[in-house]
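Peer 1: To be precise about what I am sending: the file is called final.cif and holds mmCIF, C-alpha atoms and all ligand atoms.
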data_structure
#
loop_
_atom_site.label_atom_id
_atom_site.label_comp_id
_atom_site.auth_asym_id
_atom_site.auth_seq_id
_atom_site.Cartn_x
_atom_site.Cartn_y
_atom_site.Cartn_z
CA MET I 1 -41.13 73.21 52.63
CA ARG I 2 -40.74 75.09 55.89
CA GLY I 3 -43.05 77.67 57.34
CA TYR I 4 -43.56 79.50 60.61
CA GLY I 5 -46.86 79.52 62.38
CA MET I 6 -48.79 77.85 65.14
CA ILE I 7 -48.18 74.27 66.13
CA LYS I 8 -51.37 74.74 68.08
CA THR I 9 -53.18 77.61 69.79
CA GLY I 10 -50.73 79.54 71.97
CA GLN I 11 -47.71 77.60 70.65
CA PRO I 12 -45.83 79.24 67.78
CA GLY I 13 -43.10 77.33 65.94
CA TRP I 14 -41.65 76.04 62.66
CA LEU I 15 -43.74 73.64 60.58
CA GLU I 16 -42.97 71.24 57.70
CA LYS I 17 -45.61 71.24 54.97
CA GLU I 18 -46.14 70.14 51.37
CA LYS I 19 -45.24 72.83 48.84
CA PRO I 20 -48.56 74.22 47.51
CA THR I 21 -49.56 73.70 43.87
CA PRO I 22 -51.47 76.24 41.75
CA GLY I 23 -54.93 75.70 40.29
CA PRO I 24 -55.38 77.02 36.70
CA LEU I 25 -55.95 80.63 37.86
CA ASP I 26 -53.49 80.68 40.74
CA ALA I 27 -49.85 81.45 41.45
CA ILE I 28 -47.18 80.16 43.81
CA ILE I 29 -45.03 82.88 45.34
CA ARG I 30 -41.73 82.99 47.19
CA PRO I 31 -41.69 85.82 49.75
CA ILE I 32 -39.04 88.53 49.49
CA ALA I 33 -40.48 90.78 52.20
CA LEU I 34 -42.87 89.92 55.01
CA ALA I 35 -44.47 91.70 57.95
CA PRO I 36 -46.12 90.13 60.99
CA CYS I 37 -49.43 91.72 62.03
CA SER I 38 -51.43 92.01 65.24
CA SER I 39 -53.96 89.72 63.56
CA ASP I 40 -51.30 86.95 63.29
CA THR I 41 -50.51 87.11 67.00
CA HIS I 42 -54.21 87.40 67.85
CA THR I 43 -54.87 84.25 65.78
CA MET I 44 -51.97 82.45 67.45
CA HIS I 45 -53.48 83.15 70.87
CA GLY I 46 -56.82 81.70 69.76
CA GLY I 47 -58.58 85.02 69.13
CA SER I 48 -60.54 83.55 66.23
CA GLY I 49 -60.96 80.11 67.81
CA PRO I 50 -58.62 77.13 68.27
CA LYS I 51 -56.32 76.27 65.35
CA GLU I 52 -53.34 73.97 64.80
CA ASN I 53 -50.64 73.20 62.23
CA LEU I 54 -51.23 76.52 60.49
CA ILE I 55 -48.59 78.70 58.80
CA LEU I 56 -49.22 82.32 59.79
CA GLY I 57 -48.54 85.55 57.88
CA HIS I 58 -50.62 87.52 55.40
CA GLU I 59 -48.49 90.55 54.48
CA ALA I 60 -46.01 89.89 51.68
CA ILE I 61 -44.12 91.07 48.66
CA GLY I 62 -42.89 88.14 46.61
CA GLU I 63 -41.56 86.67 43.44
CA VAL I 64 -43.74 84.46 41.25
CA VAL I 65 -42.30 80.95 40.92
CA GLU I 66 -45.15 79.11 39.23
CA THR I 67 -48.46 80.00 37.61
CA GLY I 68 -51.57 78.08 36.60
CA ASP I 69 -52.29 77.52 32.89
CA LEU I 70 -54.88 80.32 32.70
CA VAL I 71 -52.83 83.07 34.37
CA CYS I 72 -52.12 85.82 31.78
CA LYS I 73 -50.58 88.79 33.61
CA PHE I 74 -47.80 87.11 35.57
CA LYS I 75 -44.89 84.79 34.87
CA PRO I 76 -42.14 83.25 37.00
CA GLY I 77 -39.64 85.87 38.11
CA ASP I 78 -42.17 88.73 38.35
CA LYS I 79 -42.03 90.73 41.59
CA VAL I 80 -45.51 91.13 43.02
CA VAL I 81 -47.39 92.92 45.76
CA VAL I 82 -49.76 90.47 47.47
CA PRO I 83 -52.91 91.93 49.07
CA CYS I 84 -53.67 90.25 52.39
CA VAL I 85 -57.23 89.82 51.17
CA THR I 86 -57.55 87.83 47.94
CA PRO I 87 -61.22 87.45 46.99
CA ASP I 88 -62.75 84.78 44.86
CA TRP I 89 -64.13 87.26 42.32
CA THR I 90 -66.95 84.91 41.32
CA GLY I 91 -68.27 85.21 44.89
CA ARG I 92 -71.95 85.84 45.49
CA TYR I 93 -71.57 88.99 47.61
CA ILE I 94 -69.22 90.54 45.05
CA GLN I 95 -71.73 89.74 42.27
CA GLU I 96 -74.38 91.46 44.38
CA GLY I 97 -72.26 94.61 44.25
CA ARG I 98 -70.89 94.38 47.75
CA TYR I 99 -67.19 94.79 47.16
CA THR I 100 -66.01 93.81 50.60
CA ALA I 101 -63.80 91.20 52.13
CA HIS I 102 -66.62 88.69 52.20
CA ASP I 103 -66.89 86.97 48.82
CA ASN I 104 -69.30 84.22 49.76
CA HIS I 105 -69.52 84.42 53.52
CA MET I 106 -68.13 86.31 56.53
CA MET I 107 -64.38 86.89 55.98
CA GLY I 108 -64.60 84.69 52.88
CA SER I 109 -61.98 86.73 51.05
CA PHE I 110 -59.37 86.38 53.77
CA LYS I 111 -57.87 83.14 52.54
CA PHE I 112 -54.55 83.26 54.45
CA LEU I 113 -54.93 82.08 58.07
CA ILE I 114 -58.61 81.21 57.62
CA ALA I 115 -58.86 78.92 54.59
CA LYS I 116 -55.22 77.99 54.05
CA ASP I 117 -51.63 78.52 55.16
CA GLY I 118 -50.23 82.03 55.25
CA THR I 119 -47.20 83.76 53.80
CA PHE I 120 -44.51 82.91 56.40
CA ALA I 121 -43.36 80.03 54.20
CA GLU I 122 -40.80 79.18 51.56
CA PHE I 123 -43.71 79.16 49.12
CA PHE I 124 -47.30 80.28 49.39
CA HIS I 125 -50.40 80.05 47.23
CA VAL I 126 -52.42 82.97 45.82
CA ASN I 127 -55.83 82.31 44.31
CA MET I 128 -56.97 84.13 41.14
CA ALA I 129 -53.56 85.66 40.49
CA ASP I 130 -54.63 87.98 37.63
CA ALA I 131 -57.29 89.65 39.78
CA ASN I 132 -55.43 89.59 43.06
CA LEU I 133 -51.75 90.31 42.43
CA ALA I 134 -50.22 93.66 41.50
CA HIS I 135 -46.84 94.10 39.81
CA LEU I 136 -44.31 95.81 42.08
CA PRO I 137 -43.87 99.14 40.25
CA PRO I 138 -40.31 100.29 39.55
CA GLY I 139 -39.20 103.10 41.81
CA ILE I 140 -41.30 102.10 44.82
CA ALA I 141 -39.33 100.79 47.79
CA ILE I 142 -40.24 97.23 48.77
CA GLU I 143 -40.84 98.32 52.36
CA SER I 144 -43.34 100.98 51.28
CA ALA I 145 -45.14 98.52 49.01
CA LEU I 146 -45.23 96.04 51.90
CA MET I 147 -47.20 98.53 53.99
CA THR I 148 -49.97 98.76 51.36
CA VAL I 149 -51.11 95.12 51.55
CA ASP I 150 -52.82 95.35 54.94
CA MET I 151 -51.88 98.40 57.03
CA MET I 152 -52.65 101.04 54.41
CA SER I 153 -55.53 99.07 52.90
CA THR I 154 -57.16 98.50 56.31
CA GLY I 155 -56.48 101.96 57.72
CA PHE I 156 -57.84 103.55 54.54
CA HIS I 157 -60.86 101.23 54.62
CA ALA I 158 -61.72 102.61 58.05
CA VAL I 159 -61.64 106.07 56.46
CA GLU I 160 -63.81 104.90 53.56
CA LEU I 161 -66.35 103.40 55.96
CA ALA I 162 -66.40 106.66 57.93
CA GLU I 163 -66.99 108.66 54.71
CA VAL I 164 -64.59 111.32 55.95
CA GLY I 165 -65.18 114.70 54.27
CA TYR I 166 -63.49 118.09 53.97
CA GLY I 167 -63.15 120.01 57.20
CA GLU I 168 -64.65 117.36 59.44
CA THR I 169 -63.57 116.60 62.99
CA VAL I 170 -62.55 112.96 63.22
CA VAL I 171 -61.41 110.89 66.20
CA VAL I 172 -59.10 107.96 65.48
CA ILE I 173 -59.03 105.60 68.48
CA GLY I 174 -55.83 103.55 68.35
CA ILE I 175 -52.62 104.67 66.67
CA GLY I 176 -50.83 101.41 66.09
CA PRO I 177 -49.92 100.87 62.43
CA VAL I 178 -53.56 100.48 61.35
CA GLY I 179 -54.71 103.60 63.20
CA LEU I 180 -51.73 105.56 61.87
CA MET I 181 -52.75 104.70 58.32
CA ALA I 182 -56.31 105.76 59.22
CA VAL I 183 -54.88 109.10 60.37
CA ALA I 184 -52.97 109.46 57.09
CA GLY I 185 -56.06 108.53 55.07
CA THR I 186 -58.22 110.96 57.06
CA GLN I 187 -55.71 113.70 56.31
CA LEU I 188 -55.70 112.83 52.58
CA LYS I 189 -59.52 113.04 52.58
CA GLY I 190 -59.29 116.64 53.81
CA ALA I 191 -60.49 116.42 57.40
CA GLY I 192 -60.08 119.55 59.52
CA ARG I 193 -59.35 118.37 63.03
CA ILE I 194 -57.93 114.88 63.67
CA ILE I 195 -57.98 113.82 67.32
CA VAL I 196 -56.09 110.61 68.04
CA VAL I 197 -56.22 108.27 71.04
CA GLY I 198 -53.02 106.43 71.99
CA THR I 199 -49.98 106.70 74.22
CA ARG I 200 -46.81 105.19 72.76
CA PRO I 201 -44.46 108.14 72.11
CA ASN I 202 -43.24 107.07 68.67
CA CYS I 203 -46.81 106.38 67.54
CA VAL I 204 -47.86 109.82 68.81
CA LYS I 205 -44.93 111.39 66.93
CA ILE I 206 -45.81 109.69 63.65
CA ALA I 207 -49.54 110.39 64.14
CA LYS I 208 -48.67 114.09 64.24
CA GLU I 209 -46.51 113.74 61.12
CA TYR I 210 -49.46 112.06 59.35
CA GLY I 211 -51.85 114.85 60.33
CA ALA I 212 -53.09 114.45 63.93
CA THR I 213 -53.95 117.81 65.48
CA ASP I 214 -54.73 116.64 69.05
CA VAL I 215 -53.73 113.65 71.16
CA VAL I 216 -55.80 112.03 73.91
CA SER I 217 -54.50 109.33 76.27
CA TYR I 218 -56.86 106.59 77.43
CA LYS I 219 -54.56 106.29 80.44
CA ASP I 220 -55.51 109.84 81.55
CA GLY I 221 -59.19 109.10 82.25
CA ASP I 222 -62.39 108.86 80.24
CA ILE I 223 -61.64 109.51 76.55
CA VAL I 224 -65.22 110.58 75.88
CA GLN I 225 -64.92 113.41 78.39
CA GLN I 226 -61.48 114.35 77.06
CA VAL I 227 -62.82 114.61 73.50
CA LYS I 228 -65.82 116.64 74.75
CA ASP I 229 -63.47 118.97 76.60
CA LEU I 230 -61.44 119.47 73.42
CA THR I 231 -64.35 119.99 71.03
CA GLY I 232 -67.05 121.40 73.28
CA GLY I 233 -69.47 118.84 71.86
CA SER I 234 -69.45 115.84 69.57
CA VAL I 235 -67.43 114.95 66.49
CA ASP I 236 -68.39 114.09 62.92
CA LYS I 237 -66.77 110.67 62.67
CA VAL I 238 -65.04 108.16 64.94
CA ILE I 239 -62.68 105.49 63.63
CA ILE I 240 -61.81 102.55 65.89
CA ALA I 241 -58.43 100.91 65.29
CA GLY I 242 -57.62 99.77 68.81
CA GLY I 243 -59.09 99.38 72.26
CA ASN I 244 -61.51 96.78 73.54
CA ALA I 245 -65.21 95.89 73.49
CA ASN I 246 -65.94 98.97 75.63
CA THR I 247 -64.44 101.22 72.96
CA LEU I 248 -67.53 100.91 70.75
CA ALA I 249 -69.79 102.51 73.37
CA GLN I 250 -67.17 105.25 73.87
CA ALA I 251 -67.10 105.93 70.13
CA ILE I 252 -70.90 106.14 69.96
CA SER I 253 -70.83 108.52 72.91
CA MET I 254 -68.46 110.92 71.09
CA VAL I 255 -70.01 111.02 67.66
CA LYS I 256 -72.75 113.44 66.65
CA THR I 257 -76.33 112.17 66.38
CA THR I 258 -76.00 111.79 62.59
CA GLY I 259 -72.40 110.66 62.62
CA ILE I 260 -70.59 107.49 61.63
CA VAL I 261 -68.58 105.12 63.80
CA SER I 262 -66.31 102.91 61.74
CA SER I 263 -64.42 100.01 63.27
CA VAL I 264 -61.70 97.85 61.78
CA ASN I 265 -60.64 96.55 65.18
CA TYR I 266 -60.37 92.80 65.73
CA TYR I 267 -62.37 91.97 68.85
CA ASP I 268 -62.10 88.74 70.73
CA ALA I 269 -64.52 85.89 70.08
CA ALA I 270 -65.47 86.10 73.77
CA ASP I 271 -66.32 89.84 73.66
CA THR I 272 -69.80 91.32 74.10
CA PHE I 273 -70.66 94.93 73.26
CA THR I 274 -72.67 96.90 75.79
CA ILE I 275 -74.20 100.16 74.56
CA PRO I 276 -76.15 102.14 77.18
CA ALA I 277 -79.42 103.21 75.51
CA PRO I 278 -79.00 106.96 76.24
CA VAL I 279 -75.73 107.20 74.30
CA TRP I 280 -77.58 105.85 71.26
CA GLY I 281 -80.42 108.35 71.69
CA LEU I 282 -82.59 105.64 73.29
CA GLY I 283 -82.24 103.89 69.94
CA MET I 284 -83.34 106.92 67.92
CA ALA I 285 -79.99 108.50 67.07
CA ASN I 286 -79.09 108.22 63.37
CA ILE I 287 -75.64 106.97 64.15
CA ASP I 288 -74.23 104.53 61.61
CA ILE I 289 -72.10 101.82 63.19
CA ARG I 290 -69.96 100.19 60.54
CA GLY I 291 -67.47 97.37 60.84
CA GLY I 292 -65.29 96.22 58.06
CA PHE I 293 -62.49 94.03 56.90
CA CYS I 294 -60.05 95.43 54.40
CA PRO I 295 -61.03 94.90 50.77
CA GLY I 296 -58.57 93.10 48.52
CA GLY I 297 -57.60 92.69 44.94
CA ALA I 298 -55.10 94.10 42.46
CA VAL I 299 -56.85 97.35 41.55
CA ARG I 300 -57.08 98.54 45.15
CA ILE I 301 -53.41 97.82 45.74
CA GLU I 302 -52.43 99.54 42.46
CA LYS I 303 -54.27 102.67 43.64
CA LEU I 304 -52.57 102.59 47.03
CA LEU I 305 -49.20 102.19 45.29
CA ASN I 306 -50.07 105.24 43.18
CA ILE I 307 -50.48 107.33 46.33
CA ILE I 308 -46.92 106.40 47.30
CA LYS I 309 -45.52 106.80 43.79
CA TYR I 310 -46.63 110.43 43.57
CA GLY I 311 -45.29 111.33 46.99
CA ARG I 312 -48.56 111.79 48.86
CA LEU I 313 -47.70 109.39 51.68
CA ASP I 314 -44.68 107.51 52.98
CA PRO I 315 -46.04 104.45 54.83
CA SER I 316 -42.55 103.03 55.41
CA LYS I 317 -42.35 105.23 58.53
CA LEU I 318 -44.35 102.45 60.20
CA ILE I 319 -41.42 100.03 60.00
CA THR I 320 -39.42 100.37 63.19
CA HIS I 321 -37.63 97.00 63.23
CA ARG I 322 -35.93 95.34 60.25
CA PHE I 323 -34.79 91.72 59.99
CA ASP I 324 -32.79 89.98 57.26
CA GLY I 325 -33.34 86.38 56.20
CA PHE I 326 -36.07 83.74 56.24
CA GLU I 327 -34.94 82.36 59.62
CA LYS I 328 -35.65 85.75 61.21
CA ILE I 329 -39.40 85.34 60.73
CA GLU I 330 -39.47 83.81 64.20
CA ASP I 331 -37.72 86.75 65.88
CA ALA I 332 -39.94 89.25 64.08
CA PHE I 333 -43.12 87.37 64.97
CA LEU I 334 -42.18 86.96 68.64
CA LEU I 335 -41.31 90.65 68.78
CA MET I 336 -44.73 91.50 67.35
CA ASP I 337 -46.28 89.28 70.00
CA LYS I 338 -44.35 90.97 72.79
CA LYS I 339 -44.98 94.43 71.35
CA PRO I 340 -42.31 96.51 73.09
CA ALA I 341 -43.27 100.16 73.38
CA ASP I 342 -40.95 101.28 70.57
CA LEU I 343 -42.34 98.78 68.05
CA ILE I 344 -44.78 99.84 65.38
CA LYS I 345 -44.18 97.33 62.62
CA PRO I 346 -41.42 94.77 62.09
CA ALA I 347 -40.47 93.65 58.58
CA ILE I 348 -38.37 90.77 57.27
CA PHE I 349 -36.39 91.03 54.01
CA ILE I 350 -35.38 87.76 52.32
CA LYS I 351 -32.77 87.06 49.64
CA TRP I 352 -32.94 83.51 48.22
P1 LIG I 401 -51.85 97.99 67.89
O1 LIG I 401 -52.03 97.02 69.00
O2 LIG I 401 -50.50 98.24 67.35
O3 LIG I 401 -52.49 99.39 68.29
C1 LIG I 401 -53.59 99.49 69.12
C2 LIG I 401 -53.80 100.93 69.49
O4 LIG I 401 -54.92 101.00 70.38
C3 LIG I 401 -52.64 101.57 70.22
O5 LIG I 401 -52.50 102.90 69.80
C4 LIG I 401 -53.08 101.52 71.68
O6 LIG I 401 -52.50 102.56 72.44
C5 LIG I 401 -54.56 101.76 71.53
N1 LIG I 401 -55.32 101.27 72.68
C6 LIG I 401 -55.05 100.19 73.46
N2 LIG I 401 -55.96 100.09 74.45
C7 LIG I 401 -56.81 101.13 74.28
C8 LIG I 401 -57.96 101.57 74.99
N3 LIG I 401 -58.42 100.93 76.05
N4 LIG I 401 -58.61 102.66 74.54
C9 LIG I 401 -58.17 103.32 73.44
N5 LIG I 401 -57.07 102.96 72.75
C10 LIG I 401 -56.41 101.88 73.16
O7 LIG I 401 -52.81 97.43 66.72
P2 LIG I 401 -52.73 97.50 65.12
O8 LIG I 401 -52.63 98.92 64.66
O9 LIG I 401 -51.73 96.54 64.62
O10 LIG I 401 -54.16 96.92 64.75
C11 LIG I 401 -55.35 97.55 65.21
C12 LIG I 401 -56.50 96.57 65.13
O11 LIG I 401 -56.84 96.33 63.76
C13 LIG I 401 -56.18 95.20 65.72
O12 LIG I 401 -57.31 94.76 66.45
C14 LIG I 401 -55.96 94.33 64.48
O13 LIG I 401 -56.16 92.98 64.74
C15 LIG I 401 -56.99 94.94 63.57
N6 LIG I 401 -56.84 94.65 62.15
C16 LIG I 401 -57.98 94.62 61.43
C17 LIG I 401 -57.96 94.43 60.08
C18 LIG I 401 -59.22 94.53 59.29
O14 LIG I 401 -59.21 94.38 58.07
N7 LIG I 401 -60.37 94.82 59.91
C19 LIG I 401 -56.71 94.14 59.38
C20 LIG I 401 -55.53 94.32 60.21
C21 LIG I 401 -55.60 94.52 61.57
P3 LIG I 401 -50.96 102.58 72.94
O15 LIG I 401 -50.33 103.68 72.15
O16 LIG I 401 -51.05 102.88 74.40
O17 LIG I 401 -50.36 101.23 72.65
ZN ZN I 402 -52.92 92.02 59.16
#
Render the structure in this file as structure tokens.
Ligand code: NDP
Ligand code: ZN
Peer 2:
Amino acid sequence: MRGYGMIKTGQPGWLEKEKPTPGPLDAIIRPIALAPCSSDTHTMHGGSGPKENLILGHEAIGEVVETGDLVCKFKPGDKVVVPCVTPDWTGRYIQEGRYTAHDNHMMGSFKFLIAKDGTFAEFFHVNMADANLAHLPPGIAIESALMTVDMMSTGFHAVELAEVGYGETVVVIGIGPVGLMAVAGTQLKGAGRIIVVGTRPNCVKIAKEYGATDVVSYKDGDIVQQVKDLTGGSVDKVIIAGGNANTLAQAISMVKTTGIVSSVNYYDAADTFTIPAPVWGLGMANIDIRGGFCPGGAVRIEKLLNIIKYGRLDPSKLITHRFDGFEKIEDAFLLMDKKPADLIKPAIFIKW
């Protein structure tokens, strides 16, 4: 079968691979909608270390073509929403009650890109299909469902980590697609003031539509000072969905002494975080610093789909560029890599 990915680090291209086969609990899926992600391009450039001969992609809606003998809930022909994170539900951390993206080890639940080929292929493999796949509900547009599998799940996870509450003042640093979903999730959780950091005009526009009350540009000077000028002090929560290694210290500098900084940003393997002791109360501030990778599984995705079904959020606003046909994966991926200013999220729709 064919797939698109990295021939080696820094070199994207088409690959020929064996069609995957399902284990007893697994399914093989044909993609019908795909979206490239910043994490795919980051991986291609070696952000998580050198890799080769790897099919990229981890955001997909698909059709089941084959199932293992023990799969009960799905059969060939079913349309499914595929979470980008597909845990092994027997994992040790999950059994210890830590429902995160790490089933046995760091990032253990992120199978695509890390443990196996991704979704930019004629066929791809999903482990533990009954626990990890959700049926595509009737009446929900494929493009909206596609935005649940990573963007909404990750953006909302940042909000969960930040424990956003009614009336709070929250800063969301970064308003790419992940940050925009964090803004929408913060709004759904009932925050009062939502200050966003970003510059691209269409992202700013959508951030306001999703609930942002104030906009700060990191290109207009120190964002910590700008947030202080706006609020006259510190804020309850800071969510990081963009920026660089320096952004963490900025977030800690803005949040109140008992606040929470939550980061879903993907830093570079070469990054080091420097936190000046005074901003962390000489080590005595009760600031929680939380990082996280989006949780996976069917139930989470079903709940996110429910938010769309009952009209509480339209995540399809994130899709700015649409492509038709399997061959267009390349154009969509290279566009994501180039990231022109008007791009938020590209999506590819495939008819077989
Ligand atoms: P984008 O690149 O689309 O958006 C990044 C945002 O950060 C933009 O709004 C950009 O502003 C802003 N930004 C850039 N530089 C700075 C700076 N110096 N200070 C403050 N803000 C800045 O990213 P995505 O939304 O696609 O993804 C966000 C992050 O989340 C990525 O690192 C991605 O890899 C990661 N990710 C993590 C996942 C997880 O589970 N933890 C899953 C999926 C993605 P501007 O408007 O000027 O462009
Ligand atoms: Zn992603």
Peer 1: How close does each residue of chain I get to ligand LIG 401 (chain I), giving the shortest atom pair and distance in Å to one decimal for every residue with an atom at most 7 Å away, counting only C-alpha atoms and all ligand atoms, sorted by chain and residue number, as JSON lines?
Peer 2:
{"residue": "I:Cys37", "atom": "CA", "partner": "I:LIG401", "partner_atom": "O9", "distance": 5.9}
{"residue": "I:Ser38", "atom": "CA", "partner": "I:LIG401", "partner_atom": "O9", "distance": 4.6}
{"residue": "I:Ser39", "atom": "CA", "partner": "I:LIG401", "partner_atom": "O13", "distance": 4.1}
{"residue": "I:His42", "atom": "CA", "partner": "I:LIG401", "partner_atom": "O13", "distance": 6.7}
{"residue": "I:Asp150", "atom": "CA", "partner": "I:LIG401", "partner_atom": "C20", "distance": 6.0}
{"residue": "I:Met151", "atom": "CA", "partner": "I:LIG401", "partner_atom": "C20", "distance": 6.3}
{"residue": "I:Thr154", "atom": "CA", "partner": "I:LIG401", "partner_atom": "O14", "distance": 4.9}
{"residue": "I:Ile173", "atom": "CA", "partner": "I:LIG401", "partner_atom": "N5", "distance": 5.4}
{"residue": "I:Gly174", "atom": "CA", "partner": "I:LIG401", "partner_atom": "O4", "distance": 3.4}
{"residue": "I:Ile175", "atom": "CA", "partner": "I:LIG401", "partner_atom": "O5", "distance": 3.6}
{"residue": "I:Gly176", "atom": "CA", "partner": "I:LIG401", "partner_atom": "O8", "distance": 3.4}
{"residue": "I:Pro177", "atom": "CA", "partner": "I:LIG401", "partner_atom": "O8", "distance": 4.0}
{"residue": "I:Val178", "atom": "CA", "partner": "I:LIG401", "partner_atom": "O8", "distance": 3.8}
{"residue": "I:Gly179", "atom": "CA", "partner": "I:LIG401", "partner_atom": "O8", "distance": 5.3}
{"residue": "I:Val197", "atom": "CA", "partner": "I:LIG401", "partner_atom": "N5", "distance": 5.6}
{"residue": "I:Gly198", "atom": "CA", "partner": "I:LIG401", "partner_atom": "O15", "distance": 3.9}
{"residue": "I:Thr199", "atom": "CA", "partner": "I:LIG401", "partner_atom": "O15", "distance": 3.7}
{"residue": "I:Arg200", "atom": "CA", "partner": "I:LIG401", "partner_atom": "O15", "distance": 3.9}
{"residue": "I:Cys203", "atom": "CA", "partner": "I:LIG401", "partner_atom": "O15", "distance": 6.4}
{"residue": "I:Tyr218", "atom": "CA", "partner": "I:LIG401", "partner_atom": "N4", "distance": 5.2}
{"residue": "I:Ala241", "atom": "CA", "partner": "I:LIG401", "partner_atom": "C11", "distance": 4.6}
{"residue": "I:Gly242", "atom": "CA", "partner": "I:LIG401", "partner_atom": "O4", "distance": 3.4}
{"residue": "I:Gly243", "atom": "CA", "partner": "I:LIG401", "partner_atom": "C7", "distance": 3.5}
{"residue": "I:Asn244", "atom": "CA", "partner": "I:LIG401", "partner_atom": "N3", "distance": 5.8}
{"residue": "I:Thr247", "atom": "CA", "partner": "I:LIG401", "partner_atom": "N4", "distance": 6.2}
{"residue": "I:Val264", "atom": "CA", "partner": "I:LIG401", "partner_atom": "N7", "distance": 3.8}
{"residue": "I:Asn265", "atom": "CA", "partner": "I:LIG401", "partner_atom": "O12", "distance": 4.0}
{"residue": "I:Tyr266", "atom": "CA", "partner": "I:LIG401", "partner_atom": "O12", "distance": 3.7}
{"residue": "I:Tyr267", "atom": "CA", "partner": "I:LIG401", "partner_atom": "O12", "distance": 6.3}
{"residue": "I:Gly292", "atom": "CA", "partner": "I:LIG401", "partner_atom": "N7", "distance": 5.4}
{"residue": "I:Phe293", "atom": "CA", "partner": "I:LIG401", "partner_atom": "O14", "distance": 3.5}
{"residue": "I:Cys294", "atom": "CA", "partner": "I:LIG401", "partner_atom": "O14", "distance": 3.9}
{"residue": "I:Ile344", "atom": "CA", "partner": "I:LIG401", "partner_atom": "O2", "distance": 6.3}
Peer 1: Determine, counting all atoms listed in the file, which protein, DNA and RNA residues have an atom within 9 Å of an atom of I:Asp40; residues of the same chain fewer than 2 positions away are not included. Present the result as a PyMOL selection string.
Peer 2: chain I and resi 5+36-38+42-45+56-58+113+333+336-337
Peer 1: Using only C-alpha atoms, find all polymer residues with an atom at most 9 Å away from the point (-53.4, 83.5, 47.0); report them as a list in words.
Peer 2: Asp26, Ala27, Ile28, Ile29, Val82, Pro83, Cys84, Val85, Thr86, Pro87, Lys111, Phe112, Gly118, Phe124, His125, Val126, Asn127, Met128, Ala129, Asn132 and Leu133 of chain I
Peer 1: If we count only C-alpha atoms, what is near I:Ser262 at a cut-off of 8 Å, once residues fewer than 2 positions away on the same chain are taken out, given as a short mmCIF file (atom, residue, chain, number, x, y, z; two decimals) with C-alpha atoms, in the coordinates of the input?
Peer 2:
data_model
loop_
_atom_site.label_atom_id
_atom_site.label_comp_id
_atom_site.auth_asym_id
_atom_site.auth_seq_id
_atom_site.Cartn_x
_atom_site.Cartn_y
_atom_site.Cartn_z
CA ALA I 158 -61.72 102.61 58.05
CA VAL I 159 -61.64 106.07 56.46
CA LEU I 161 -66.35 103.40 55.96
CA ALA I 162 -66.40 106.66 57.93
CA LYS I 237 -66.77 110.67 62.67
CA VAL I 238 -65.04 108.16 64.94
CA ILE I 239 -62.68 105.49 63.63
CA ILE I 240 -61.81 102.55 65.89
CA ILE I 260 -70.59 107.49 61.63
CA VAL I 264 -61.70 97.85 61.78
CA ILE I 289 -72.10 101.82 63.19
CA ARG I 290 -69.96 100.19 60.54
CA GLY I 291 -67.47 97.37 60.84
CA GLY I 292 -65.29 96.22 58.06
#
Peer 1: Just how far from atom CA of I:Ile287 is atom CA of I:Thr258, in Å to one decimal?
Peer 2: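 Going from atom CA of I:Thr258 over to atom CA of I:Ile287, I get 5.1 Å.
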Peer 1: Find, counting only C-alpha atoms, the residue in I:Ser153, I:Ser144, I:Asn306, I:Asn53 that gets nearest to I:Asp117.
Peer 2: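 For I:Asp117, the nearest of the candidates is I:Asn53.
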Peer 1: So which one's closest to ligand ZN 402 (chain I), I:Met147, I:Leu335, I:Ala121, I:Leu313? Using all atoms listed in the file, please.
Peer 2: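 Of I:Met147, I:Leu335, I:Ala121, I:Leu313, the one nearest ligand ZN 402 (chain I) is I:Met147, counting all atoms listed in the file.
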Peer 1: How many Å lie between atom CA of I:Ser263 and atom CA of I:Ile142, rounded to one decimal?
Peer 2: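 For atom CA of I:Ser263 relative to atom CA of I:Ile142, the distance reads 28.3 Å.
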Peer 1: Need to verify the contact set: I:Met254, 10 Å, only C-alpha atoms, exclusion of same-chain residues closer than 2 positions in sequence. Can you return it as a PyMOL selection string?
Peer 2: chain I and resi 171+223-228+231+233-238+249-252+256-257+259+261+279
Peer 1: Write out as a PyMOL selection string the residues lying within 8 Å of I:Lys17, counting only C-alpha atoms and excluding same-chain residues fewer than 6 positions away.
Peer 2: chain I and resi 1-3
Peer 1: Kindly indicate which residue among I:Met107, I:Ala101, I:Val149, I:Leu70 lies nearest to ligand ZN 402 (chain I), using only C-alpha atoms and all ligand atoms for the distances.
Peer 2: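 Of all the options, I:Val149 lies closest to ligand ZN 402 (chain I).
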Peer 1: Which is closest to I:Tyr166 among I:Gly296, I:Ala347, I:Thr186, I:Lys8, if we use only C-alpha atoms?
Peer 2: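 Checking each of I:Gly296, I:Ala347, I:Thr186, I:Lys8 against I:Tyr166, counting only C-alpha atoms, the winner is I:Thr186.
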Peer 1: Rounded to one decimal place, report the atom CA of I:Leu54-atom CA of I:Tyr4 distance in Å.
Peer 2: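 Answer for the atom CA of I:Leu54 to atom CA of I:Tyr4 separation: 8.2 Å.
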Peer 1: When distances are computed from all atoms listed in the file, which of I:Val170, I:Ile206, I:Gly221, I:Asp268 shows the smallest separation from I:Gly46?
Peer 2: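 Comparing I:Val170, I:Ile206, I:Gly221, I:Asp268 against I:Gly46, the winner is I:Asp268.
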Peer 1: I need the residue nearest ligand ZN 402 (chain I) from this list: I:Gly108, I:Pro138, I:Gly155, I:Gly68. Use all atoms listed in the file for the distance.
Peer 2: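 Comparing I:Gly108, I:Pro138, I:Gly155, I:Gly68 against ligand ZN 402 (chain I), the winner is I:Gly155.
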